[in-house]
$ cat query-v4.txt   # compact mmCIF, C-alpha atoms
# COMPACT_ATOMS: atom_id res chain seq x y z
CA MET P 1 -8.69 30.28 -13.10
CA GLU P 2 -10.30 32.97 -10.98
CA GLU P 3 -13.47 30.97 -10.30
CA LEU P 4 -11.45 28.03 -8.94
CA GLU P 5 -9.40 30.26 -6.66
CA MET P 6 -12.61 31.85 -5.34
CA LEU P 7 -14.16 28.44 -4.69
CA TYR P 8 -11.02 27.30 -2.87
CA GLN P 9 -11.19 30.46 -0.74
CA GLU P 10 -14.79 29.59 0.12
CA MET P 11 -13.55 26.17 1.26
CA GLY P 12 -10.84 27.73 3.44
CA ILE P 13 -7.73 27.90 1.23
CA SER P 14 -6.09 31.32 1.44
CA PRO P 15 -4.84 33.11 -1.71
CA ALA P 16 -1.25 32.73 -0.45
CA VAL P 17 -1.51 28.94 -0.05
CA TYR P 18 -3.28 28.60 -3.39
CA ALA P 19 -0.60 30.68 -5.14
CA ARG P 20 2.16 28.60 -3.57
CA GLY P 21 0.52 25.44 -4.88
CA GLU P 22 0.13 26.78 -8.41
CA LYS P 23 3.77 27.81 -8.48
CA VAL P 24 4.83 24.30 -7.47
CA LEU P 25 2.58 22.71 -10.10
CA ASP P 26 4.12 24.69 -12.94
CA ALA P 27 7.38 22.77 -12.49
CA LEU P 28 5.80 19.29 -12.30
CA GLN P 29 4.14 18.89 -15.68
CA THR P 30 6.92 16.77 -17.20
CA ARG P 31 6.89 14.37 -14.24
CA PHE P 32 3.11 14.15 -14.34
CA ALA P 33 3.23 13.28 -18.05
CA ALA P 34 5.64 10.42 -17.31
CA ILE P 35 3.26 9.08 -14.64
CA ASP P 36 0.43 9.13 -17.18
CA LYS P 37 2.52 7.00 -19.56
CA VAL P 38 3.00 4.34 -16.87
CA ALA P 39 -0.73 4.46 -16.12
CA GLU P 40 -1.56 4.02 -19.79
CA TYR P 41 0.66 0.91 -20.00
CA ASN P 42 -0.84 -0.58 -16.83
CA GLN P 43 -4.37 0.22 -18.01
CA ALA P 44 -3.73 -1.68 -21.23
CA LYS P 45 -2.25 -4.57 -19.23
CA VAL P 46 -5.42 -4.87 -17.12
CA ILE P 47 -7.76 -4.61 -20.10
CA ASN P 48 -5.72 -7.20 -21.99
CA ALA P 49 -6.04 -9.64 -19.09
CA MET P 50 -9.78 -9.06 -18.83
CA GLN P 51 -10.24 -9.62 -22.55
CA LYS P 52 -8.04 -12.71 -22.54
CA ASN P 53 -10.16 -14.23 -19.78
CA ARG P 54 -13.43 -13.30 -21.48
CA VAL P 55 -14.86 -11.22 -18.65
CA SER P 56 -18.62 -10.96 -19.20
CA ALA P 57 -21.75 -9.86 -17.38
CA ALA P 58 -22.08 -13.42 -16.13
CA CYS P 59 -18.96 -12.80 -13.99
CA PHE P 60 -20.86 -10.20 -11.97
CA ALA P 61 -23.53 -12.56 -10.62
CA ALA P 62 -23.73 -12.87 -6.83
CA THR P 63 -23.13 -16.15 -5.04
CA THR P 64 -23.86 -17.14 -1.45
CA GLY P 65 -23.23 -20.04 0.89
CA TYR P 66 -20.36 -22.27 -0.17
CA GLY P 67 -19.85 -20.40 -3.45
CA TYR P 68 -19.22 -23.56 -5.44
CA ASP P 69 -18.57 -23.00 -9.16
CA ASP P 70 -18.37 -19.22 -8.70
CA LEU P 71 -17.53 -18.11 -12.26
CA GLY P 72 -16.85 -14.48 -11.42
CA ARG P 73 -14.60 -15.24 -8.45
CA ASP P 74 -12.54 -17.85 -10.28
CA ASN P 75 -12.19 -15.68 -13.38
CA LEU P 76 -11.13 -12.64 -11.35
CA GLU P 77 -8.31 -14.72 -9.91
CA ARG P 78 -7.21 -15.66 -13.42
CA VAL P 79 -7.23 -11.95 -14.36
CA TYR P 80 -5.03 -11.09 -11.37
CA ALA P 81 -2.67 -13.96 -12.18
CA ASP P 82 -2.30 -12.71 -15.75
CA VAL P 83 -1.68 -9.09 -14.72
CA PHE P 84 0.90 -10.15 -12.12
CA HIS P 85 2.34 -12.83 -14.43
CA THR P 86 1.96 -15.64 -11.89
CA GLU P 87 0.77 -19.22 -11.99
CA ALA P 88 -2.16 -18.58 -9.68
CA ALA P 89 -3.90 -16.00 -7.51
CA LEU P 90 -6.16 -15.87 -4.47
CA VAL P 91 -8.42 -12.78 -4.54
CA ARG P 92 -11.13 -12.88 -1.90
CA PRO P 93 -13.44 -10.60 0.06
CA GLN P 94 -12.91 -13.05 2.95
CA ILE P 95 -9.40 -11.53 3.27
CA THR P 96 -10.19 -8.53 5.45
CA CYS P 97 -7.07 -6.37 5.02
CA GLY P 98 -3.41 -6.34 4.00
CA THR P 99 -2.24 -7.67 7.36
CA HIS P 100 -4.69 -10.56 7.01
CA ALA P 101 -3.42 -11.36 3.50
CA LEU P 102 0.17 -11.39 4.74
CA THR P 103 -0.80 -13.56 7.71
CA VAL P 104 -2.47 -16.10 5.43
CA ALA P 105 0.58 -16.21 3.15
CA LEU P 106 3.03 -16.60 6.04
CA SER P 107 1.09 -19.11 8.13
CA ALA P 108 0.27 -21.24 5.08
CA ASN P 109 3.89 -21.61 4.03
CA LEU P 110 5.74 -21.79 7.36
CA LEU P 111 5.72 -24.86 9.61
CA PRO P 112 6.98 -25.41 13.16
CA GLY P 113 10.78 -25.33 13.15
CA ASP P 114 10.97 -23.06 10.10
CA GLU P 115 12.58 -19.65 10.26
CA LEU P 116 11.30 -16.40 8.74
CA LEU P 117 13.86 -13.80 7.67
CA SER P 118 13.35 -10.11 7.01
CA PRO P 119 16.40 -8.71 5.19
CA VAL P 120 14.92 -5.19 5.17
CA GLY P 121 14.71 -4.47 8.90
CA MET P 122 11.69 -4.37 11.18
CA PRO P 123 8.34 -5.14 9.50
CA TYR P 124 5.30 -2.87 9.68
CA ASP P 125 3.76 -2.47 13.14
CA THR P 126 0.75 -4.77 12.67
CA LEU P 127 2.90 -7.60 11.30
CA GLN P 128 5.08 -7.59 14.42
CA GLU P 129 2.34 -9.28 16.43
CA VAL P 130 1.62 -11.69 13.59
CA ILE P 131 5.25 -12.82 13.67
CA GLY P 132 5.57 -12.67 17.45
CA ILE P 133 8.16 -9.90 17.67
CA ARG P 134 5.58 -8.37 20.01
CA GLU P 135 3.88 -11.15 21.97
CA SER P 136 0.38 -12.02 20.79
CA PRO P 137 -1.92 -15.04 20.92
CA CYS P 138 -1.78 -17.16 17.75
CA SER P 139 1.42 -15.54 16.50
CA LEU P 140 3.85 -17.53 14.33
CA ALA P 141 6.18 -17.70 17.33
CA GLU P 142 3.52 -19.55 19.33
CA TYR P 143 3.48 -22.20 16.60
CA GLY P 144 7.24 -22.69 16.67
CA VAL P 145 8.31 -20.43 13.80
CA THR P 146 11.45 -18.47 14.60
CA TYR P 147 12.30 -15.03 13.24
CA ARG P 148 15.47 -13.28 12.24
CA GLN P 149 16.07 -9.87 10.68
CA VAL P 150 18.89 -7.95 9.04
CA ASP P 151 18.68 -4.20 9.36
CA LEU P 152 19.25 -1.91 6.41
CA LEU P 153 22.51 -0.01 6.15
CA PRO P 154 22.47 3.66 7.24
CA ASP P 155 21.91 4.77 3.62
CA GLY P 156 18.83 2.53 3.32
CA SER P 157 20.51 -0.12 1.16
CA PHE P 158 20.66 -3.88 1.74
CA ASP P 159 23.39 -5.33 3.95
CA TYR P 160 24.26 -8.21 1.63
CA PRO P 161 27.09 -9.74 3.75
CA ALA P 162 24.84 -9.84 6.81
CA ILE P 163 21.98 -11.30 4.76
CA ARG P 164 24.24 -14.07 3.46
CA GLU P 165 25.25 -14.88 7.03
CA ALA P 166 21.63 -14.83 8.28
CA ILE P 167 20.33 -17.33 5.72
CA ASN P 168 20.72 -20.83 7.16
CA GLU P 169 19.31 -24.35 6.91
CA LYS P 170 16.16 -23.33 8.83
CA THR P 171 15.40 -20.30 6.64
CA LYS P 172 12.18 -21.25 4.86
CA LEU P 173 10.71 -17.92 3.83
CA ILE P 174 12.04 -14.40 3.28
CA THR P 175 9.67 -11.46 3.64
CA ILE P 176 10.38 -8.17 1.85
CA GLN P 177 8.31 -5.09 2.65
CA ARG P 178 8.30 -2.89 -0.44
CA SER P 179 6.90 0.27 1.10
CA LYS P 180 8.33 2.15 4.04
CA GLY P 181 5.50 1.51 6.52
CA TYR P 182 5.83 3.79 9.54
CA ALA P 183 9.53 4.33 8.91
CA THR P 184 11.42 7.03 7.06
CA ARG P 185 13.48 4.71 4.92
CA PRO P 186 13.28 4.53 1.11
CA THR P 187 10.65 2.46 -0.62
CA PHE P 188 12.29 -0.20 -2.77
CA SER P 189 11.94 -0.22 -6.53
CA VAL P 190 10.92 -3.46 -8.23
CA LYS P 191 14.42 -3.60 -9.70
CA GLN P 192 15.99 -3.42 -6.23
CA ILE P 193 13.62 -6.10 -4.97
CA GLY P 194 14.57 -8.32 -7.90
CA GLU P 195 18.26 -7.93 -7.10
CA LEU P 196 17.62 -8.85 -3.46
CA ILE P 197 15.54 -11.89 -4.43
CA ALA P 198 18.24 -13.07 -6.84
CA PHE P 199 20.87 -12.72 -4.14
CA CYS P 200 18.84 -14.63 -1.55
CA LYS P 201 18.00 -17.44 -3.96
CA GLY P 202 21.65 -17.56 -4.97
CA VAL P 203 22.48 -18.31 -1.34
CA LYS P 204 19.60 -20.77 -0.89
CA PRO P 205 17.79 -21.69 -4.13
CA ASP P 206 14.76 -23.33 -2.48
CA VAL P 207 13.96 -20.42 -0.15
CA LEU P 208 10.53 -18.84 -0.65
CA VAL P 209 10.24 -15.07 -1.03
CA MET P 210 7.12 -13.10 -0.18
CA VAL P 211 6.81 -9.40 -1.03
CA ASP P 212 4.44 -7.12 0.84
CA ASN P 213 3.33 -5.09 -2.18
CA CYS P 214 0.94 -2.74 -0.35
CA TYR P 215 0.88 0.79 -1.83
CA GLY P 216 3.15 -0.21 -4.71
CA GLU P 217 0.82 -1.79 -7.28
CA PHE P 218 0.78 -0.04 -10.67
CA VAL P 219 3.32 2.64 -9.71
CA GLU P 220 5.75 0.90 -12.08
CA THR P 221 5.13 -1.18 -15.19
CA ILE P 222 6.35 -4.35 -13.46
CA GLU P 223 5.55 -5.97 -10.12
CA PRO P 224 7.67 -8.04 -7.69
CA SER P 225 6.21 -11.21 -9.20
CA ASP P 226 7.97 -10.26 -12.44
CA VAL P 227 11.37 -10.41 -10.71
CA GLY P 228 11.21 -13.70 -8.84
CA ALA P 229 8.83 -13.30 -5.88
CA ASP P 230 7.07 -16.55 -5.00
CA MET P 231 4.20 -14.55 -3.47
CA THR P 232 3.15 -10.95 -4.02
CA VAL P 233 0.60 -9.79 -1.46
CA GLY P 234 -1.65 -6.76 -1.00
CA SER P 235 -4.98 -5.25 0.02
CA LEU P 236 -7.94 -4.42 -2.21
CA ILE P 237 -8.73 -1.27 -0.20
CA LYS P 238 -5.37 0.03 -1.32
CA ASN P 239 -4.13 0.38 -4.91
CA PRO P 240 -5.63 -2.58 -6.80
CA GLY P 241 -9.18 -2.01 -5.55
CA GLY P 242 -9.27 1.36 -7.30
CA GLY P 243 -11.36 2.84 -4.49
CA LEU P 244 -14.37 0.70 -5.41
CA ALA P 245 -13.53 -2.57 -3.64
CA PRO P 246 -15.21 -2.44 -0.22
CA ILE P 247 -13.03 -5.18 1.28
CA GLY P 248 -10.58 -7.88 0.24
CA GLY P 249 -7.01 -8.88 -0.34
CA TYR P 250 -4.93 -10.74 -2.91
CA ILE P 251 -2.03 -13.16 -3.03
CA CYS P 252 -0.45 -13.85 -6.44
CA GLY P 253 2.27 -16.43 -6.85
CA THR P 254 3.28 -19.99 -7.59
CA ALA P 255 0.55 -22.61 -7.80
CA GLN P 256 1.98 -24.47 -4.82
CA CYS P 257 2.12 -21.40 -2.57
CA ILE P 258 -1.35 -20.20 -3.57
CA SER P 259 -2.85 -23.64 -3.01
CA ARG P 260 -1.52 -23.66 0.54
CA CYS P 261 -2.80 -20.10 1.08
CA ALA P 262 -6.27 -21.16 -0.02
CA TYR P 263 -6.23 -24.09 2.40
CA ARG P 264 -5.19 -21.76 5.21
CA LEU P 265 -7.84 -19.16 4.35
CA SER P 266 -10.70 -21.67 4.22
CA ALA P 267 -9.84 -25.16 5.47
CA PRO P 268 -7.66 -28.13 4.51
CA GLY P 269 -9.43 -30.06 1.77
CA LEU P 270 -11.59 -27.08 0.76
CA GLY P 271 -9.14 -24.50 -0.53
CA GLN P 272 -10.28 -22.27 -3.38
CA GLU P 273 -13.47 -24.24 -4.00
CA VAL P 274 -15.38 -22.32 -1.33
CA GLY P 275 -15.91 -18.64 -0.63
CA ALA P 276 -19.01 -16.88 -1.98
CA ASN P 277 -18.55 -13.48 -3.62
CA LEU P 278 -21.65 -11.99 -1.88
CA GLY P 279 -22.40 -9.72 -4.82
CA LEU P 280 -19.06 -7.89 -4.72
CA MET P 281 -17.80 -8.91 -8.16
CA PRO P 282 -18.79 -5.72 -10.05
CA ALA P 283 -16.86 -3.58 -7.53
CA LEU P 284 -13.81 -5.87 -7.54
CA TYR P 285 -13.62 -6.05 -11.34
CA GLN P 286 -14.33 -2.38 -11.94
CA GLY P 287 -12.00 -1.30 -9.14
CA PHE P 288 -9.15 -3.30 -10.68
CA PHE P 289 -9.98 -1.75 -14.05
CA MET P 290 -9.83 1.77 -12.52
CA ALA P 291 -6.73 1.12 -10.42
CA PRO P 292 -3.98 2.28 -12.83
CA THR P 293 -5.62 5.70 -13.29
CA VAL P 294 -6.44 6.08 -9.59
CA VAL P 295 -2.87 5.15 -8.60
CA ALA P 296 -1.49 7.72 -11.06
CA GLY P 297 -3.54 10.46 -9.39
CA ALA P 298 -2.37 9.39 -5.94
CA GLU P 299 1.27 9.38 -7.09
CA LYS P 300 0.88 12.91 -8.46
CA GLY P 301 -0.50 13.95 -5.08
CA ALA P 302 2.52 12.50 -3.28
CA ILE P 303 4.95 14.34 -5.58
CA PHE P 304 2.99 17.57 -5.17
CA ALA P 305 3.12 17.20 -1.37
CA ALA P 306 6.90 16.77 -1.32
CA ASN P 307 7.46 19.72 -3.62
CA LEU P 308 5.15 21.88 -1.51
CA TYR P 309 6.54 20.98 1.90
CA GLU P 310 10.27 20.47 1.30
CA PRO P 311 11.01 24.12 0.38
CA LEU P 312 9.34 25.12 3.65
CA GLY P 313 11.99 23.22 5.62
CA PHE P 314 10.25 19.89 6.23
CA ARG P 315 12.13 16.67 5.46
CA CYS P 316 10.23 14.57 2.96
CA VAL P 317 10.72 10.88 2.15
CA PRO P 318 10.99 10.48 -0.80
CA ASN P 319 12.32 13.97 -1.37
CA ALA P 320 10.97 16.35 -3.98
CA THR P 321 13.05 14.97 -6.86
CA GLU P 322 13.54 11.25 -6.13
CA SER P 323 11.92 8.52 -8.20
CA ARG P 324 8.72 6.98 -6.81
CA HIS P 325 7.96 3.34 -6.08
CA ASP P 326 4.78 3.64 -4.01
CA ILE P 327 2.06 6.21 -3.35
CA ILE P 328 3.12 7.14 0.19
CA GLN P 329 4.66 10.50 1.03
CA ALA P 330 6.23 10.86 4.47
CA VAL P 331 6.60 14.39 5.82
CA GLU P 332 8.53 14.90 9.07
CA LEU P 333 6.63 17.60 10.95
CA GLY P 334 8.74 17.67 14.11
CA SER P 335 5.94 17.63 16.69
CA GLU P 336 2.63 16.09 17.68
CA ALA P 337 1.00 19.46 17.07
CA GLY P 338 2.29 19.44 13.49
CA MET P 339 0.87 15.96 12.87
CA ILE P 340 -2.52 17.00 14.25
CA ALA P 341 -2.63 20.19 12.16
CA PHE P 342 -1.67 18.33 8.97
CA CYS P 343 -4.27 15.63 9.57
CA LYS P 344 -6.94 18.24 10.34
CA GLY P 345 -6.34 19.63 6.86
CA ILE P 346 -6.67 16.24 5.17
CA GLN P 347 -9.90 15.57 7.10
CA ALA P 348 -11.29 19.02 6.26
CA ALA P 349 -10.82 18.29 2.54
CA ALA P 350 -12.76 15.00 2.67
CA PRO P 351 -16.14 14.37 1.02
CA VAL P 352 -17.15 12.26 4.04
CA ASP P 353 -16.85 13.34 7.69
CA ALA P 354 -15.12 16.60 6.81
CA HIS P 355 -16.56 18.03 10.03
CA ALA P 356 -14.69 15.51 12.21
CA THR P 357 -11.46 16.34 14.04
CA PRO P 358 -8.79 13.60 13.94
CA MET P 359 -6.95 13.04 17.22
CA PRO P 360 -4.34 10.45 18.33
CA TRP P 361 -5.74 7.25 19.86
CA ASP P 362 -4.76 3.76 20.98
CA MET P 363 -5.32 1.75 17.82
CA PRO P 364 -5.32 -2.09 17.84
CA GLY P 365 -2.05 -3.55 16.55
CA TYR P 366 0.12 -0.53 17.32
CA ASN P 367 2.47 0.22 20.22
CA ASP P 368 2.13 4.02 20.01
CA LYS P 369 -0.89 6.26 19.74
CA VAL P 370 -1.79 6.75 16.09
CA ILE P 371 -3.53 9.65 14.38
CA MET P 372 -5.54 8.94 11.25
CA ALA P 373 -7.35 11.31 8.92
CA ALA P 374 -9.62 9.75 6.32
CA GLY P 375 -13.00 10.88 5.13
CA ALA P 376 -13.45 7.77 3.03
CA PHE P 377 -16.33 6.01 1.32
CA VAL P 378 -14.74 2.70 2.42
CA GLN P 379 -13.61 2.55 6.03
CA GLY P 380 -9.81 2.39 6.25
CA SER P 381 -9.33 2.72 2.50
CA SER P 382 -5.90 4.22 2.02
CA ILE P 383 -6.19 4.55 -1.75
CA GLU P 384 -8.66 7.27 -0.79
CA LEU P 385 -7.25 10.57 0.48
CA SER P 386 -5.78 9.85 3.91
CA ALA P 387 -2.94 10.65 6.26
CA ASP P 388 -1.78 8.88 9.39
CA GLY P 389 1.20 8.19 11.59
CA PRO P 390 2.34 7.04 15.04
CA ILE P 391 2.90 9.74 17.64
CA ARG P 392 6.63 9.24 18.05
CA PRO P 393 9.80 10.97 16.80
CA PRO P 394 10.45 12.17 14.13
CA TYR P 395 6.68 12.88 14.15
CA ALA P 396 6.25 11.94 10.52
CA VAL P 397 2.86 11.89 8.89
CA TYR P 398 2.27 9.47 6.02
CA PHE P 399 0.12 10.93 3.29
CA GLN P 400 -1.37 8.74 0.58
CA GLY P 401 -4.24 8.28 -1.81
CA GLY P 402 -6.82 10.43 -3.49
CA LEU P 403 -9.29 8.80 -5.85
CA THR P 404 -8.68 11.75 -8.16
CA TRP P 405 -5.63 13.95 -8.52
CA PHE P 406 -7.78 17.00 -7.91
CA HIS P 407 -8.91 15.70 -4.53
CA ALA P 408 -5.32 14.91 -3.59
CA LYS P 409 -4.36 18.47 -4.54
CA LEU P 410 -7.12 19.97 -2.41
CA GLY P 411 -6.15 17.82 0.57
CA ILE P 412 -2.50 18.81 0.44
CA LEU P 413 -3.34 22.49 0.11
CA MET P 414 -5.74 22.21 3.05
CA SER P 415 -3.08 20.47 5.16
CA LEU P 416 -0.69 23.36 4.51
CA GLN P 417 -3.44 25.84 5.30
CA LYS P 418 -3.96 24.29 8.74
CA MET P 419 -0.20 24.25 9.35
CA VAL P 420 0.01 27.96 8.50
CA GLU P 421 -2.97 28.80 10.69
CA ALA P 422 -1.37 26.95 13.61
CA GLY P 423 1.87 28.89 13.16
CA LEU P 424 3.75 25.70 12.28
CA ALA P 425 4.62 26.62 8.68
CA VAL P 426 5.71 29.94 7.20
CA LEU P 427 5.20 30.50 3.49
CA GLY P 428 7.70 33.33 3.08
CA GLU P 429 7.96 34.92 -0.34

$ encode --input "query-v4.txt" --output "structure tokens"
Amino acid sequence: MEELEMLYQEMGISPAVYARGEKVLDALQTRFAAIDKVAEYNQAKVINAMQKNRVSAACFAATTGYGYDDLGRDNLERVYADVFHTEAALVRPQITCGTHALTVALSANLLPGDELLSPVGMPYDTLQEVIGIRESPCSLAEYGVTYRQVDLLPDGSFDYPAIREAINEKTKLITIQRSKGYATRPTFSVKQIGELIAFCKGVKPDVLVMVDNCYGEFVETIEPSDVGADMTVGSLIKNPGGGLAPIGGYICGTAQCISRCAYRLSAPGLGQEVGANLGLMPALYQGFFMAPTVVAGAEKGAIFAANLYEPLGFRCVPNATESRHDIIQAVELGSEAGMIAFCKGIQAAAPVDAHATPMPWDMPGYNDKVIMAAGAFVQGSSIELSADGPIRPPYAVYFQGGLTWFHAKLGILMSLQKMVEAGLAVLGE
């Protein structure tokens, strides 16, 4: 469409970059159609749960103070439990982020003398201080919880013999990080996670398994809770909030685990009975309703990014043809300058703060300087168009989000434009 190309030129996209993008898109229509089918299934699943639990306008009423008898809050948790096929759920604006949700789940279900095992290598940067891998006040290590990990094999698969050996009488809880975090390893499919859970429970039947589900919700038609996870944990400013939730996190799982999580989040003896919704219920319900469609657009953006960058010589994880199990696309840019140029493009495509210039900085919870590009309506929302990464080899930037596919497309094209302008990418023919 000539008018679209002219508008993109006005926004800074050159004809050459635009043409490269259109050529890539021509080959992706079949994959995009398959993503839409998954989104349609997940959309029906969410609507079915909302209808089953008789969501009504009364659920949107604000509560304050203690939040006793909060109809909307309690019903939202039943909706989440039905969608994730679990006995119970804790869905609260008092959970500030994904790391907080994971911390609640871990600290509620681990006691002094227990051991935590990660069979998938090093956890995400911010969780390292929670566990005590990097020293921090109030870490699990300070409270007498020990930690053990088994690294992945060189091909990114599970080291089952080493996992069997690592599980012992002290192993109380196993944590599985679904997405890659700031690593260039594969994201695990729900099927792979189910196989790992079955193996671990075969070694020790009473061991608890928690899955960090961040960035993975609604990418497949099933979730880790469908394949044996005792707790499935995530953030509402990622996939399940649909871009509308302004804060919050969720933990779905067994009634016993969720009860303990609620006691840890509030206080022993109070649990899920307290926690006012502060008028956020419309955004949390509607965001969850929108999530399958929003996630589909973000996944299309990730696939488009890989297919745009890989032919230009940049390693992409996942690569251009691999199956997808989260919304994150890692692109190894080879230098700090490449990361800055890429992130400048993402920022320049934003509806908010497009005039800002992202630069690396010392961010709380991280060992390395981190660069983050995000012109978001909700601060830190990574279901919105964003890109970030630690300034360390292989200088990979992690692209994710886009509340609409069209915004994701614009952002990726703009990132390539900035790379070309900086002399860091050559389009060729």

$ atom_distance --input "query-v4.txt" --atom1 "atom CA of P:Leu244" --atom2 "atom CA of P:Ile95"
15.8 Å

$ residues_around --input "query-v4.txt" --residues "P:Asn277" --least-positions-apart "5" --cutoff "9 Å" --atoms "all atoms listed in the file" --output "list in words"
Ala61, Ala62, Thr63, Thr64, Gly67, Asp70, Gly72, Arg73, Arg92, Pro93 and Gln94 of chain P

$ residues_around --input "query-v4.txt" --residues "stretch 219-236 of chain P" --least-positions-apart "3" --cutoff "7 Å" --atoms "all atoms listed in the file" --output "number ranges by chain"
P: 38, 41-42, 84-86, 97-98, 101-102, 190, 193-194, 197, 208-214, 216, 239-241, 245, 247-254, 295, 325-326

$ closest_residue --input "query-v4.txt" --among "P:Leu90, P:Ala283, P:Leu427, P:Ala141" --to "P:Leu110" --atoms "all atoms listed in the file"
P:Ala141

$ residues_around --input "query-v4.txt" --residues "P:Glu165" --least-positions-apart "3" --cutoff "10 Å" --atoms "all atoms listed in the file" --output "list in words"
Val150, Tyr160, Pro161, Ala162, Asn168 and Val203 of chain P

$ build_atoms --input "query-v4.txt" --residues "stretch 349-369 of chain P" --atoms "N, CA and C atoms" --output "compact mmCIF listing (two decimals), keeping the file's coordinate frame"
# COMPACT_ATOMS: atom_id res chain seq x y z
N ALA P 349 -10.67 18.34 4.00
CA ALA P 349 -10.82 18.29 2.54
C ALA P 349 -11.65 17.09 2.08
N ALA P 350 -12.10 16.26 3.02
CA ALA P 350 -12.76 15.00 2.67
C ALA P 350 -14.21 15.22 2.23
N PRO P 351 -14.72 14.32 1.37
CA PRO P 351 -16.14 14.37 1.02
C PRO P 351 -17.03 13.75 2.09
N VAL P 352 -16.42 12.96 2.97
CA VAL P 352 -17.15 12.26 4.04
C VAL P 352 -16.52 12.65 5.38
N ASP P 353 -17.33 13.01 6.34
CA ASP P 353 -16.85 13.34 7.69
C ASP P 353 -15.85 14.48 7.71
N ALA P 354 -16.03 15.45 6.83
CA ALA P 354 -15.12 16.60 6.81
C ALA P 354 -15.23 17.41 8.10
N HIS P 355 -16.33 17.28 8.80
CA HIS P 355 -16.56 18.03 10.03
C HIS P 355 -15.85 17.41 11.23
N ALA P 356 -15.33 16.20 11.09
CA ALA P 356 -14.69 15.51 12.21
C ALA P 356 -13.29 16.06 12.45
N THR P 357 -12.81 15.89 13.67
CA THR P 357 -11.46 16.34 14.04
C THR P 357 -10.62 15.13 14.41
N PRO P 358 -9.63 14.77 13.61
CA PRO P 358 -8.79 13.60 13.94
C PRO P 358 -7.89 13.89 15.14
N MET P 359 -7.80 12.93 16.04
CA MET P 359 -6.95 13.04 17.22
C MET P 359 -6.24 11.70 17.45
N PRO P 360 -5.06 11.71 18.07
CA PRO P 360 -4.34 10.45 18.33
C PRO P 360 -5.15 9.54 19.26
N TRP P 361 -5.05 8.21 19.01
CA TRP P 361 -5.74 7.25 19.86
C TRP P 361 -5.01 5.93 19.88
N ASP P 362 -5.37 5.08 20.84
CA ASP P 362 -4.76 3.76 20.98
C ASP P 362 -5.42 2.81 19.99
N MET P 363 -4.74 2.54 18.89
CA MET P 363 -5.32 1.75 17.82
C MET P 363 -4.84 0.30 17.92
N PRO P 364 -5.73 -0.68 17.75
CA PRO P 364 -5.32 -2.09 17.84
C PRO P 364 -4.18 -2.42 16.88
N GLY P 365 -3.17 -3.13 17.38
CA GLY P 365 -2.05 -3.55 16.55
C GLY P 365 -0.87 -2.62 16.57
N TYR P 366 -0.97 -1.51 17.31
CA TYR P 366 0.12 -0.53 17.32
C TYR P 366 0.58 -0.28 18.75
N ASN P 367 1.88 -0.03 18.91
CA ASN P 367 2.47 0.22 20.22
C ASN P 367 2.28 1.67 20.68
N ASP P 368 2.26 2.60 19.72
CA ASP P 368 2.13 4.02 20.01
C ASP P 368 0.73 4.50 19.65
N LYS P 369 0.35 5.64 20.21
CA LYS P 369 -0.89 6.26 19.74
C LYS P 369 -0.73 6.61 18.26
